[in-house]
Amino acid sequence: MSFSEARPERWATDAGDAAQAVLVIPADARRQRRFEISCAMTVALRDAQPGAWHQMTVEAGGTRQWQRREPTRNPGAWDGLDYRFTRSVPVGQALRIVVSVATQGGRRRSLVIEAEEG
């Protein structure tokens, strides 16, 4: 396969119910790449909890990209947040993505980061 026929890259990490996930897209010495990055988390809420909330913070390349805190709803089921963005990765540089989750009144359920070259 020649350089021009390289398949698009795909990177992912599944952190389960952890409070933080880290995905590192390694450097490429030959080309700049552009990725669509998807970050998603879910929380479980057993019973209605007044004041329950969940929060997700996304950092890319050491800079806060996004943060949101929402009330947790859907007792007996799950609730969550997701965020998508695109980022170019320059020649010879890696990209480190860190997603952190905080909750009050709920339980962390899932945390996933995916990056697809496009």
# chains A, B, ... in the order shown; residues from 1 in each chain; ligands from 1
call {"tool": "closest_atom_pairs", "arguments": {"of": "region 11-38 of chain A", "to": "region 104-118 of chain A", "cutoff": "6 Å", "atoms": "only C-alpha atoms", "output": "JSON lines"}}
result
{"residue": "A:Trp11", "atom": "CA", "partner": "A:Ala115", "partner_atom": "CA", "distance": 5.1}
{"residue": "A:Ala12", "atom": "CA", "partner": "A:Glu114", "partner_atom": "CA", "distance": 4.3}
{"residue": "A:Thr13", "atom": "CA", "partner": "A:Ile113", "partner_atom": "CA", "distance": 5.5}
{"residue": "A:Asp14", "atom": "CA", "partner": "A:Val112", "partner_atom": "CA", "distance": 4.6}
{"residue": "A:Ala15", "atom": "CA", "partner": "A:Leu111", "partner_atom": "CA", "distance": 5.3}
{"residue": "A:Gly16", "atom": "CA", "partner": "A:Ser110", "partner_atom": "CA", "distance": 4.6}
{"residue": "A:Asp17", "atom": "CA", "partner": "A:Arg109", "partner_atom": "CA", "distance": 4.7}
{"residue": "A:Arg34", "atom": "CA", "partner": "A:Glu117", "partner_atom": "CA", "distance": 5.7}
{"residue": "A:Phe35", "atom": "CA", "partner": "A:Glu117", "partner_atom": "CA", "distance": 4.2}
{"residue": "A:Glu36", "atom": "CA", "partner": "A:Glu116", "partner_atom": "CA", "distance": 5.3}
{"residue": "A:Ile37", "atom": "CA", "partner": "A:Ala115", "partner_atom": "CA", "distance": 4.3}
{"residue": "A:Ser38", "atom": "CA", "partner": "A:Glu114", "partner_atom": "CA", "distance": 5.2}
call {"tool": "write_last_selection", "arguments": {"atoms": "all heavy atoms", "output": "compact mmCIF listing (two decimals), in the first residue's frame"}}
result
# COMPACT_ATOMS: atom_id res chain seq x y z
N TRP A 11 -9.00 5.65 16.28
CA TRP A 11 -8.47 5.43 17.62
C TRP A 11 -9.64 5.49 18.59
O TRP A 11 -10.57 6.27 18.41
CB TRP A 11 -7.43 6.50 17.98
CG TRP A 11 -6.29 6.53 17.03
CD1 TRP A 11 -6.17 7.34 15.93
CD2 TRP A 11 -5.13 5.71 17.06
NE1 TRP A 11 -4.99 7.06 15.27
CE2 TRP A 11 -4.33 6.07 15.96
CE3 TRP A 11 -4.67 4.71 17.91
CZ2 TRP A 11 -3.11 5.48 15.69
CZ3 TRP A 11 -3.45 4.13 17.65
CH2 TRP A 11 -2.69 4.50 16.55
N ALA A 12 -9.61 4.67 19.65
CA ALA A 12 -10.70 4.67 20.62
C ALA A 12 -10.21 4.14 21.96
O ALA A 12 -9.26 3.36 22.03
CB ALA A 12 -11.87 3.81 20.11
N THR A 13 -10.90 4.58 23.00
CA THR A 13 -10.69 4.01 24.33
C THR A 13 -12.03 3.96 25.04
O THR A 13 -12.87 4.84 24.88
CB THR A 13 -9.66 4.82 25.15
OG1 THR A 13 -9.38 4.12 26.35
CG2 THR A 13 -10.15 6.21 25.49
N ASP A 14 -12.25 2.88 25.77
CA ASP A 14 -13.45 2.67 26.56
C ASP A 14 -13.01 2.55 28.01
O ASP A 14 -12.38 1.57 28.40
CB ASP A 14 -14.17 1.40 26.11
CG ASP A 14 -15.49 1.18 26.82
OD1 ASP A 14 -15.68 1.70 27.94
OD2 ASP A 14 -16.34 0.47 26.27
N ALA A 15 -13.32 3.56 28.82
CA ALA A 15 -12.87 3.60 30.22
C ALA A 15 -13.89 3.01 31.18
O ALA A 15 -13.70 3.09 32.39
CB ALA A 15 -12.54 5.04 30.60
N GLY A 16 -14.98 2.45 30.65
CA GLY A 16 -15.98 1.85 31.53
C GLY A 16 -16.57 2.89 32.47
O GLY A 16 -16.97 3.96 32.04
N ASP A 17 -16.59 2.58 33.78
CA ASP A 17 -17.18 3.50 34.75
C ASP A 17 -16.13 4.37 35.45
O ASP A 17 -16.40 4.95 36.50
CB ASP A 17 -18.03 2.75 35.77
CG ASP A 17 -17.22 1.78 36.61
OD1 ASP A 17 -16.00 1.65 36.39
OD2 ASP A 17 -17.82 1.16 37.50
N ARG A 34 -6.63 15.11 10.10
CA ARG A 34 -7.79 15.78 10.72
C ARG A 34 -8.72 14.68 11.23
O ARG A 34 -9.05 13.75 10.50
CB ARG A 34 -8.50 16.66 9.70
CG ARG A 34 -9.61 17.48 10.31
CD ARG A 34 -9.99 18.61 9.36
NE ARG A 34 -10.99 19.47 9.93
CZ ARG A 34 -10.74 20.49 10.74
NH1 ARG A 34 -9.50 20.79 11.05
NH2 ARG A 34 -11.71 21.23 11.22
N PHE A 35 -9.13 14.82 12.49
CA PHE A 35 -9.97 13.81 13.13
C PHE A 35 -11.29 14.40 13.60
O PHE A 35 -11.34 15.55 14.06
CB PHE A 35 -9.25 13.22 14.36
CG PHE A 35 -8.10 12.34 14.01
CD1 PHE A 35 -6.83 12.86 13.87
CD2 PHE A 35 -8.29 10.98 13.81
CE1 PHE A 35 -5.76 12.05 13.54
CE2 PHE A 35 -7.23 10.16 13.48
CZ PHE A 35 -5.95 10.70 13.34
N GLU A 36 -12.35 13.60 13.49
CA GLU A 36 -13.61 13.91 14.16
C GLU A 36 -13.57 13.11 15.46
O GLU A 36 -13.39 11.90 15.44
CB GLU A 36 -14.82 13.50 13.34
CG GLU A 36 -16.09 13.85 14.08
CD GLU A 36 -17.36 13.71 13.27
OE1 GLU A 36 -17.30 13.89 12.04
OE2 GLU A 36 -18.40 13.42 13.89
N ILE A 37 -13.71 13.81 16.56
CA ILE A 37 -13.57 13.20 17.88
C ILE A 37 -14.92 13.22 18.58
O ILE A 37 -15.61 14.24 18.60
CB ILE A 37 -12.51 13.95 18.71
CG1 ILE A 37 -11.17 13.90 17.95
CG2 ILE A 37 -12.39 13.37 20.11
CD1 ILE A 37 -10.16 14.91 18.38
N SER A 38 -15.28 12.07 19.13
CA SER A 38 -16.56 11.90 19.82
C SER A 38 -16.28 11.46 21.26
O SER A 38 -15.55 10.50 21.49
CB SER A 38 -17.39 10.84 19.10
OG SER A 38 -18.57 10.58 19.82
call {"tool": "residues_around", "arguments": {"residues": "Thr103 (chain A)", "least_positions_apart": "3", "cutoff": "10 Å", "atoms": "only C-alpha atoms", "output": "compact mmCIF listing (two decimals) with all heavy atoms, in the first residue's frame"}}
result
# COMPACT_ATOMS: atom_id res chain seq x y z
N ALA A 19 -13.61 7.61 36.22
CA ALA A 19 -13.86 9.05 36.28
C ALA A 19 -13.11 9.81 35.19
O ALA A 19 -13.41 10.98 34.94
CB ALA A 19 -13.46 9.59 37.65
N VAL A 43 -24.53 8.02 32.99
CA VAL A 43 -24.64 7.79 34.43
C VAL A 43 -25.97 7.08 34.70
O VAL A 43 -26.92 7.20 33.94
CB VAL A 43 -24.59 9.11 35.24
CG1 VAL A 43 -23.25 9.78 35.10
CG2 VAL A 43 -25.69 10.07 34.82
N ALA A 44 -25.99 6.32 35.79
CA ALA A 44 -27.21 5.62 36.21
C ALA A 44 -27.78 6.33 37.43
O ALA A 44 -27.05 6.82 38.28
CB ALA A 44 -26.89 4.17 36.55
N ALA A 52 -29.47 15.83 41.91
CA ALA A 52 -28.51 14.96 41.20
C ALA A 52 -28.07 15.64 39.90
O ALA A 52 -28.87 16.27 39.22
CB ALA A 52 -29.15 13.61 40.89
N TRP A 53 -26.78 15.51 39.59
CA TRP A 53 -26.23 16.08 38.36
C TRP A 53 -25.07 15.23 37.86
O TRP A 53 -24.54 14.41 38.57
CB TRP A 53 -25.79 17.53 38.54
CG TRP A 53 -24.82 17.77 39.66
CD1 TRP A 53 -25.13 18.21 40.92
CD2 TRP A 53 -23.39 17.61 39.65
NE1 TRP A 53 -23.99 18.32 41.69
CE2 TRP A 53 -22.90 17.95 40.94
CE3 TRP A 53 -22.48 17.19 38.69
CZ2 TRP A 53 -21.55 17.90 41.27
CZ3 TRP A 53 -21.13 17.13 39.03
CH2 TRP A 53 -20.68 17.49 40.30
N HIS A 54 -24.72 15.47 36.60
CA HIS A 54 -23.54 14.85 36.00
C HIS A 54 -22.84 15.90 35.14
O HIS A 54 -23.47 16.82 34.63
CB HIS A 54 -23.90 13.60 35.19
CG HIS A 54 -24.93 13.82 34.13
ND1 HIS A 54 -26.27 13.92 34.40
CD2 HIS A 54 -24.81 13.97 32.80
CE1 HIS A 54 -26.94 14.11 33.28
NE2 HIS A 54 -26.08 14.15 32.28
N GLN A 55 -21.51 15.75 35.02
CA GLN A 55 -20.71 16.74 34.32
C GLN A 55 -19.63 16.05 33.51
O GLN A 55 -19.07 15.04 33.94
CB GLN A 55 -20.05 17.67 35.34
CG GLN A 55 -19.08 18.67 34.75
CD GLN A 55 -18.51 19.57 35.82
OE1 GLN A 55 -19.25 20.30 36.46
NE2 GLN A 55 -17.20 19.52 36.00
N MET A 56 -19.35 16.60 32.33
CA MET A 56 -18.26 16.09 31.51
C MET A 56 -17.38 17.27 31.07
O MET A 56 -17.89 18.31 30.66
CB MET A 56 -18.80 15.36 30.27
CG MET A 56 -17.71 14.71 29.43
SD MET A 56 -18.32 13.56 28.18
CE MET A 56 -18.97 14.68 26.95
N ARG A 69 -22.49 20.73 32.73
CA ARG A 69 -23.11 20.05 33.87
C ARG A 69 -24.62 20.11 33.66
O ARG A 69 -25.15 21.17 33.36
CB ARG A 69 -22.75 20.74 35.19
CG ARG A 69 -23.42 20.07 36.39
CD ARG A 69 -23.12 20.79 37.67
NE ARG A 69 -21.73 20.51 38.05
CZ ARG A 69 -21.19 20.90 39.19
NH1 ARG A 69 -21.90 21.59 40.07
NH2 ARG A 69 -19.94 20.61 39.46
N GLU A 70 -25.27 18.97 33.82
CA GLU A 70 -26.71 18.86 33.60
C GLU A 70 -27.36 18.12 34.76
O GLU A 70 -26.73 17.24 35.37
CB GLU A 70 -27.01 18.09 32.31
CG GLU A 70 -26.63 18.80 31.04
CD GLU A 70 -27.52 19.99 30.73
OE1 GLU A 70 -28.74 19.93 31.05
OE2 GLU A 70 -27.01 20.97 30.19
N PRO A 71 -28.63 18.41 35.05
CA PRO A 71 -29.35 17.60 36.04
C PRO A 71 -29.46 16.16 35.54
O PRO A 71 -29.63 15.92 34.35
CB PRO A 71 -30.73 18.25 36.11
CG PRO A 71 -30.58 19.61 35.48
CD PRO A 71 -29.44 19.50 34.51
N THR A 72 -29.34 15.21 36.46
CA THR A 72 -29.49 13.79 36.09
C THR A 72 -30.96 13.42 36.26
O THR A 72 -31.54 13.61 37.32
CB THR A 72 -28.60 12.90 36.98
OG1 THR A 72 -27.25 13.34 36.84
CG2 THR A 72 -28.70 11.44 36.56
N GLY A 106 -25.75 10.24 41.30
CA GLY A 106 -25.80 9.15 40.32
C GLY A 106 -24.53 8.33 40.37
O GLY A 106 -23.62 8.60 41.16
N ARG A 107 -24.44 7.33 39.52
CA ARG A 107 -23.28 6.44 39.44
C ARG A 107 -22.77 6.44 38.02
O ARG A 107 -23.53 6.28 37.06
CB ARG A 107 -23.71 5.03 39.85
CG ARG A 107 -22.58 4.00 39.80
CD ARG A 107 -23.09 2.61 40.16
NE ARG A 107 -24.23 2.16 39.39
CZ ARG A 107 -24.17 1.62 38.17
NH1 ARG A 107 -23.02 1.49 37.56
NH2 ARG A 107 -25.27 1.23 37.55
N ARG A 108 -21.44 6.63 37.87
CA ARG A 108 -20.84 6.58 36.52
C ARG A 108 -21.12 5.22 35.90
O ARG A 108 -21.02 4.19 36.56
CB ARG A 108 -19.33 6.81 36.60
CG ARG A 108 -18.95 8.21 37.05
CD ARG A 108 -17.45 8.43 36.99
NE ARG A 108 -16.68 7.41 37.67
CZ ARG A 108 -16.30 7.48 38.96
NH1 ARG A 108 -16.64 8.50 39.69
NH2 ARG A 108 -15.58 6.51 39.49
call {"tool": "atom_distance", "arguments": {"atom1": "CA of Ile25 (chain A)", "atom2": "CA of Ala94 (chain A)"}}
result
5.5 Å
call {"tool": "atom_distance", "arguments": {"atom1": "CA of Ala29 (chain A)", "atom2": "CA of Tyr83 (chain A)"}}
result
28.7 Å
call {"tool": "select_by_dssp", "arguments": {"residues": "chain A", "states": "strand (DSSP E or B)", "output": "PyMOL selection string"}}
result
chain A and resi 10-14+20-25+33-45+53-60+63-71+77-89+95-104+107-117
call {"tool": "atom_distance", "arguments": {"atom1": "CA of Leu23 (chain A)", "atom2": "CA of Ala77 (chain A)"}}
result
27.8 Å
call {"tool": "closest_residue", "arguments": {"among": "A:Cys39, A:Val101, A:Ala27, A:Leu81", "to": "Ala60 (chain A)", "atoms": "only C-alpha atoms"}}
result
A:Cys39
call {"tool": "residues_around", "arguments": {"residues": "Trp66 (chain A)", "least_positions_apart": "5", "cutoff": "8 Å", "atoms": "only C-alpha atoms", "output": "PyMOL selection string"}}
result
chain A and resi 57-59+83
call {"tool": "write_last_selection", "arguments": {"atoms": "all heavy atoms", "output": "PDB file, in the first residue's frame"}}
result
ATOM      1  N   THR A  57     -16.066  17.079  31.192  1.00  0.00           N
ATOM      2  CA  THR A  57     -15.081  18.074  30.777  1.00  0.00           C
ATOM      3  C   THR A  57     -14.172  17.430  29.739  1.00  0.00           C
ATOM      4  O   THR A  57     -13.673  16.325  29.957  1.00  0.00           O
ATOM      5  CB  THR A  57     -14.242  18.544  31.982  1.00  0.00           C
ATOM      6  OG1 THR A  57     -15.124  19.069  32.985  1.00  0.00           O
ATOM      7  CG2 THR A  57     -13.237  19.618  31.567  1.00  0.00           C
ATOM      8  N   VAL A  58     -13.954  18.126  28.619  1.00  0.00           N
ATOM      9  CA  VAL A  58     -13.124  17.615  27.530  1.00  0.00           C
ATOM     10  C   VAL A  58     -11.936  18.554  27.327  1.00  0.00           C
ATOM     11  O   VAL A  58     -12.123  19.761  27.151  1.00  0.00           O
ATOM     12  CB  VAL A  58     -13.933  17.513  26.215  1.00  0.00           C
ATOM     13  CG1 VAL A  58     -13.055  17.026  25.070  1.00  0.00           C
ATOM     14  CG2 VAL A  58     -15.148  16.614  26.396  1.00  0.00           C
ATOM     15  N   GLU A  59     -10.731  17.985  27.365  1.00  0.00           N
ATOM     16  CA  GLU A  59      -9.511  18.728  27.070  1.00  0.00           C
ATOM     17  C   GLU A  59      -8.829  18.075  25.877  1.00  0.00           C
ATOM     18  O   GLU A  59      -8.782  16.847  25.785  1.00  0.00           O
ATOM     19  CB  GLU A  59      -8.565  18.719  28.257  1.00  0.00           C
ATOM     20  CG  GLU A  59      -9.108  19.481  29.450  1.00  0.00           C
ATOM     21  CD  GLU A  59      -8.146  19.522  30.619  1.00  0.00           C
ATOM     22  OE1 GLU A  59      -7.009  19.013  30.491  1.00  0.00           O
ATOM     23  OE2 GLU A  59      -8.533  20.053  31.666  1.00  0.00           O
ATOM     24  N   TYR A  83     -20.224  14.898  23.230  1.00  0.00           N
ATOM     25  CA  TYR A  83     -19.659  16.074  22.582  1.00  0.00           C
ATOM     26  C   TYR A  83     -18.808  15.620  21.407  1.00  0.00           C
ATOM     27  O   TYR A  83     -18.042  14.663  21.528  1.00  0.00           O
ATOM     28  CB  TYR A  83     -18.809  16.868  23.585  1.00  0.00           C
ATOM     29  CG  TYR A  83     -18.175  18.103  22.999  1.00  0.00           C
ATOM     30  CD1 TYR A  83     -18.943  19.188  22.610  1.00  0.00           C
ATOM     31  CD2 TYR A  83     -16.803  18.184  22.834  1.00  0.00           C
ATOM     32  CE1 TYR A  83     -18.363  20.320  22.061  1.00  0.00           C
ATOM     33  CE2 TYR A  83     -16.209  19.316  22.287  1.00  0.00           C
ATOM     34  CZ  TYR A  83     -16.993  20.380  21.905  1.00  0.00           C
ATOM     35  OH  TYR A  83     -16.425  21.498  21.362  1.00  0.00           O
TER      36      TYR A  83
END
call {"tool": "closest_residue", "arguments": {"among": "A:Pro8, A:Gly92, A:Gly61, A:Gly76", "to": "Leu45 (chain A)", "atoms": "only C-alpha atoms"}}
result
A:Gly76
call {"tool": "residues_around", "arguments": {"residues": "Arg30 (chain A)", "least_positions_apart": "3", "cutoff": "12 Å", "atoms": "only C-alpha atoms", "output": "MDAnalysis selection string"}}
result
chainID A and resid 3:4 6 27 33 89:93
call {"tool": "write_last_selection", "arguments": {"atoms": "C-alpha atoms", "output": "PDB file, in the first residue's frame"}}
result
ATOM      1  CA  PHE A   3       1.418   6.505   1.192  1.00  0.00           C
ATOM      2  CA  SER A   4      -1.457   7.988  -0.841  1.00  0.00           C
ATOM      3  CA  ALA A   6      -3.236   4.804   3.493  1.00  0.00           C
ATOM      4  CA  ALA A  27       2.362  11.565  15.844  1.00  0.00           C
ATOM      5  CA  ARG A  33      -4.295  14.574   9.783  1.00  0.00           C
ATOM      6  CA  VAL A  89      -2.986  17.032  14.205  1.00  0.00           C
ATOM      7  CA  PRO A  90       0.165  18.629  12.724  1.00  0.00           C
ATOM      8  CA  VAL A  91       3.025  16.606  11.240  1.00  0.00           C
ATOM      9  CA  GLY A  92       5.216  15.161  13.979  1.00  0.00           C
ATOM     10  CA  GLN A  93       2.850  15.962  16.859  1.00  0.00           C
TER      11      GLN A  93
END
call {"tool": "closest_residue", "arguments": {"among": "A:Thr63, A:Thr42, A:Gln20, A:Gln32", "to": "Ser88 (chain A)", "atoms": "only C-alpha atoms"}}
result
A:Gln32
call {"tool": "closest_residue", "arguments": {"among": "A:Arg84, A:Arg64, A:Arg7, A:Arg73", "to": "Ala40 (chain A)", "atoms": "only C-alpha atoms"}}
result
A:Arg84
